[in-house]
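Written out below as structure tokens is the structure these notes cover.
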Amino acid sequence: MTIPNDKPTQSSVEALGSAQTSSRATPDRRREQMVQLARTIEQRAAQTLTLKDLAAEVGLSPSRLQKTFKAVLGVSPKAYQDAVRARRLKQALKNGNGVTDAIYESGYGSISRVYEDKVGKIGMTPTSYRRGAERERIWYACRRTALGLVAMAATERGVCFVQFGETSEQLVEVIRAEFPKAELLPSPAQAAPDLDHWMSALDEFLEQGGPMPDLPLDLRGTAFQTTVWKFLQSTRTGQVLTYTELAEQIGKPKAVRAVASACARNRVGVLIPCHRVLRGDGQLGGYRWGLERKRQLLDLERDPEPASD
């Protein structure tokens, strides 16, 4: 008869100690763990990383890791890895790598998966992106408005670009820099009536205020960025909120910096109203097209005061 040995092994003691340390980790320590885990995902993006494997790296259960990682980084570990792979794919394609080589070197397990997910990650097929959007048509128009010169550009799916600038040439170059081989088409009214109508709706809003034009948009960003932008679309005219409140509203209260970054990367100005987001102390904060324009937009949208008797 074998008598069981109740003496704990060294490995079991270490595992218990790790679990106890993990369970009482401070918020700052937990944040450090998640940031380090994100770096690990970046380094091993080409590998298959299951939630269980990643959870073991930091001594958490898979469900706890999912919740903690999203609270700190704003997205799930899988979404983060997908974003890393997509970024590497875009860079490889820009560097001139062959499409198949770029796909596998970026960590995708199959070519079909990339093509199925093309719009959500890079906005078009990898072949088209490698060619600088060679086969994509982008119509654009520039117009002088109450807030200065503005350019609007659109694909067949909707508006993909609204930005202010000093000259038409400068604004066209900004569009061209994103898609260097796209077919950029100036938009006289007869050639692209939809874009002409959308530009007129935006011009009218900037001149007179009122409801934000409800135009179709072609949003291109990460899942987290798109979540931020779509929530901003849902805010009402005259409403303002802080970056912290915005993070809370989308269910990511710890992702304040990521929210601010998503606002800064918004390429569809005004229609995605990032100007409605203020600093925690109520100050204007940043705005890529200038604080004076942000102030003017907020004044334009502010609910009129009721007339006195």
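Identifiers in this document derive from the order of the structure tokens: chains are assigned A, B, ..., residues are numbered from 1 separately in each chain, and ligands are numbered from 1 in order of occurrence.
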
9 Å contact set for segment 230-241 of chain A, only C-alpha atoms, chain neighbours under 4 positions out, as a PDB file with N, CA and C atoms, in the first residue's frame:
ATOM      1  N   GLY A 210     -27.602  73.936 -36.555  1.00  0.00           N
ATOM      2  CA  GLY A 210     -28.725  73.025 -36.699  1.00  0.00           C
ATOM      3  C   GLY A 210     -28.267  71.589 -36.587  1.00  0.00           C
ATOM      4  N   PRO A 211     -29.121  70.632 -36.986  1.00  0.00           N
ATOM      5  CA  PRO A 211     -28.765  69.217 -36.873  1.00  0.00           C
ATOM      6  C   PRO A 211     -27.554  68.872 -37.732  1.00  0.00           C
ATOM      7  N   MET A 212     -26.745  67.955 -37.241  1.00  0.00           N
ATOM      8  CA  MET A 212     -25.591  67.484 -37.997  1.00  0.00           C
ATOM      9  C   MET A 212     -26.066  66.733 -39.234  1.00  0.00           C
ATOM     10  N   GLN A 225     -11.237  52.192 -32.359  1.00  0.00           N
ATOM     11  CA  GLN A 225     -11.423  53.519 -32.925  1.00  0.00           C
ATOM     12  C   GLN A 225     -12.822  53.669 -33.501  1.00  0.00           C
ATOM     13  N   THR A 226     -13.273  52.650 -34.210  1.00  0.00           N
ATOM     14  CA  THR A 226     -14.605  52.700 -34.817  1.00  0.00           C
ATOM     15  C   THR A 226     -15.691  52.788 -33.751  1.00  0.00           C
ATOM     16  N   GLU A 245     -15.527  60.558 -19.533  1.00  0.00           N
ATOM     17  CA  GLU A 245     -16.933  60.194 -19.709  1.00  0.00           C
ATOM     18  C   GLU A 245     -17.142  59.387 -20.979  1.00  0.00           C
ATOM     19  N   LEU A 246     -16.431  59.742 -22.036  1.00  0.00           N
ATOM     20  CA  LEU A 246     -16.548  58.995 -23.288  1.00  0.00           C
ATOM     21  C   LEU A 246     -16.064  57.562 -23.104  1.00  0.00           C
ATOM     22  N   GLN A 249     -18.712  55.697 -21.280  1.00  0.00           N
ATOM     23  CA  GLN A 249     -19.913  55.472 -22.089  1.00  0.00           C
ATOM     24  C   GLN A 249     -19.760  54.301 -23.047  1.00  0.00           C
ATOM     25  N   ILE A 250     -18.545  54.052 -23.514  1.00  0.00           N
ATOM     26  CA  ILE A 250     -18.346  52.919 -24.424  1.00  0.00           C
ATOM     27  C   ILE A 250     -17.947  51.661 -23.670  1.00  0.00           C
ATOM     28  N   LEU A 271     -18.177  65.598 -39.036  1.00  0.00           N
ATOM     29  CA  LEU A 271     -19.186  64.537 -39.143  1.00  0.00           C
ATOM     30  C   LEU A 271     -18.984  63.472 -38.071  1.00  0.00           C
ATOM     31  N   ILE A 272     -17.735  63.210 -37.692  1.00  0.00           N
ATOM     32  CA  ILE A 272     -17.436  62.475 -36.462  1.00  0.00           C
ATOM     33  C   ILE A 272     -17.058  63.564 -35.460  1.00  0.00           C
ATOM     34  N   PRO A 273     -17.979  63.965 -34.605  1.00  0.00           N
ATOM     35  CA  PRO A 273     -17.806  65.201 -33.824  1.00  0.00           C
ATOM     36  C   PRO A 273     -16.879  65.078 -32.619  1.00  0.00           C
ATOM     37  N   CYS A 274     -15.597  64.842 -32.882  1.00  0.00           N
ATOM     38  CA  CYS A 274     -14.645  64.767 -31.780  1.00  0.00           C
ATOM     39  C   CYS A 274     -14.456  66.131 -31.118  1.00  0.00           C
ATOM     40  N   HIS A 275     -14.944  67.189 -31.760  1.00  0.00           N
ATOM     41  CA  HIS A 275     -14.864  68.520 -31.133  1.00  0.00           C
ATOM     42  C   HIS A 275     -15.746  68.617 -29.896  1.00  0.00           C
ATOM     43  N   ARG A 276     -16.644  67.670 -29.698  1.00  0.00           N
ATOM     44  CA  ARG A 276     -17.529  67.684 -28.527  1.00  0.00           C
ATOM     45  C   ARG A 276     -16.872  67.103 -27.279  1.00  0.00           C
ATOM     46  N   VAL A 277     -15.638  66.638 -27.408  1.00  0.00           N
ATOM     47  CA  VAL A 277     -14.946  66.017 -26.279  1.00  0.00           C
ATOM     48  C   VAL A 277     -13.984  67.035 -25.667  1.00  0.00           C
ATOM     49  N   LEU A 278     -14.100  67.236 -24.343  1.00  0.00           N
ATOM     50  CA  LEU A 278     -13.302  68.225 -23.629  1.00  0.00           C
ATOM     51  C   LEU A 278     -12.385  67.542 -22.618  1.00  0.00           C
ATOM     52  N   ARG A 279     -11.462  68.310 -22.095  1.00  0.00           N
ATOM     53  CA  ARG A 279     -10.628  67.824 -21.007  1.00  0.00           C
ATOM     54  C   ARG A 279     -11.454  67.690 -19.737  1.00  0.00           C
ATOM     55  N   GLY A 280     -10.906  66.978 -18.767  1.00  0.00           N
ATOM     56  CA  GLY A 280     -11.630  66.754 -17.516  1.00  0.00           C
ATOM     57  C   GLY A 280     -11.930  68.031 -16.751  1.00  0.00           C
ATOM     58  N   GLY A 282     -12.810  70.785 -18.102  1.00  0.00           N
ATOM     59  CA  GLY A 282     -13.722  71.608 -18.880  1.00  0.00           C
ATOM     60  C   GLY A 282     -13.048  72.451 -19.947  1.00  0.00           C
ATOM     61  N   LEU A 298     -18.306  74.432 -31.272  1.00  0.00           N
ATOM     62  CA  LEU A 298     -19.096  74.295 -30.045  1.00  0.00           C
ATOM     63  C   LEU A 298     -20.090  75.443 -29.919  1.00  0.00           C
ATOM     64  N   ASP A 299     -19.667  76.656 -30.259  1.00  0.00           N
ATOM     65  CA  ASP A 299     -20.580  77.800 -30.225  1.00  0.00           C
ATOM     66  C   ASP A 299     -21.715  77.603 -31.230  1.00  0.00           C
ATOM     67  N   LEU A 300     -21.361  77.058 -32.391  1.00  0.00           N
ATOM     68  CA  LEU A 300     -22.350  76.828 -33.436  1.00  0.00           C
ATOM     69  C   LEU A 300     -23.404  75.833 -32.990  1.00  0.00           C
ATOM     70  N   GLU A 301     -22.975  74.829 -32.213  1.00  0.00           N
ATOM     71  CA  GLU A 301     -23.882  73.756 -31.805  1.00  0.00           C
ATOM     72  C   GLU A 301     -24.607  74.044 -30.501  1.00  0.00           C
ATOM     73  N   ARG A 302     -24.141  75.049 -29.767  1.00  0.00           N
ATOM     74  CA  ARG A 302     -24.733  75.296 -28.470  1.00  0.00           C
ATOM     75  C   ARG A 302     -26.220  75.621 -28.603  1.00  0.00           C
ATOM     76  N   ASP A 303     -27.024  74.992 -27.742  1.00  0.00           N
ATOM     77  CA  ASP A 303     -28.451  75.250 -27.794  1.00  0.00           C
ATOM     78  C   ASP A 303     -28.723  76.730 -27.554  1.00  0.00           C
TER      79      ASP A 303
END

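Neighbours of segment 31-43 of chain A closer than or equal to 8 Å, with only C-alpha atoms counted and sequence neighbours fewer than 6 positions away skipped, come out as Leu49, Leu54, Glu57, Val58, Thr68, Phe69, Val72, Leu73, Pro77, Tyr80, Gln81 and Val84 of chain A.
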
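As for atom CA of Leu291 of chain A and atom CA of Arg265 of chain A, they are spaced 16.1 Å apart.
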
- Item | Near-Ala262 of chain A list (8 Å; only C-alpha atoms; drop same-chain fewer than 6 positions) as number ranges by chain | A: 224-225, 228-229

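Restricting the calculation to only C-alpha atoms, the smallest distance between Asp82 of chain A and any of A:Arg44, A:Arg176, A:Arg137, A:Lys67 is found for A:Arg44.
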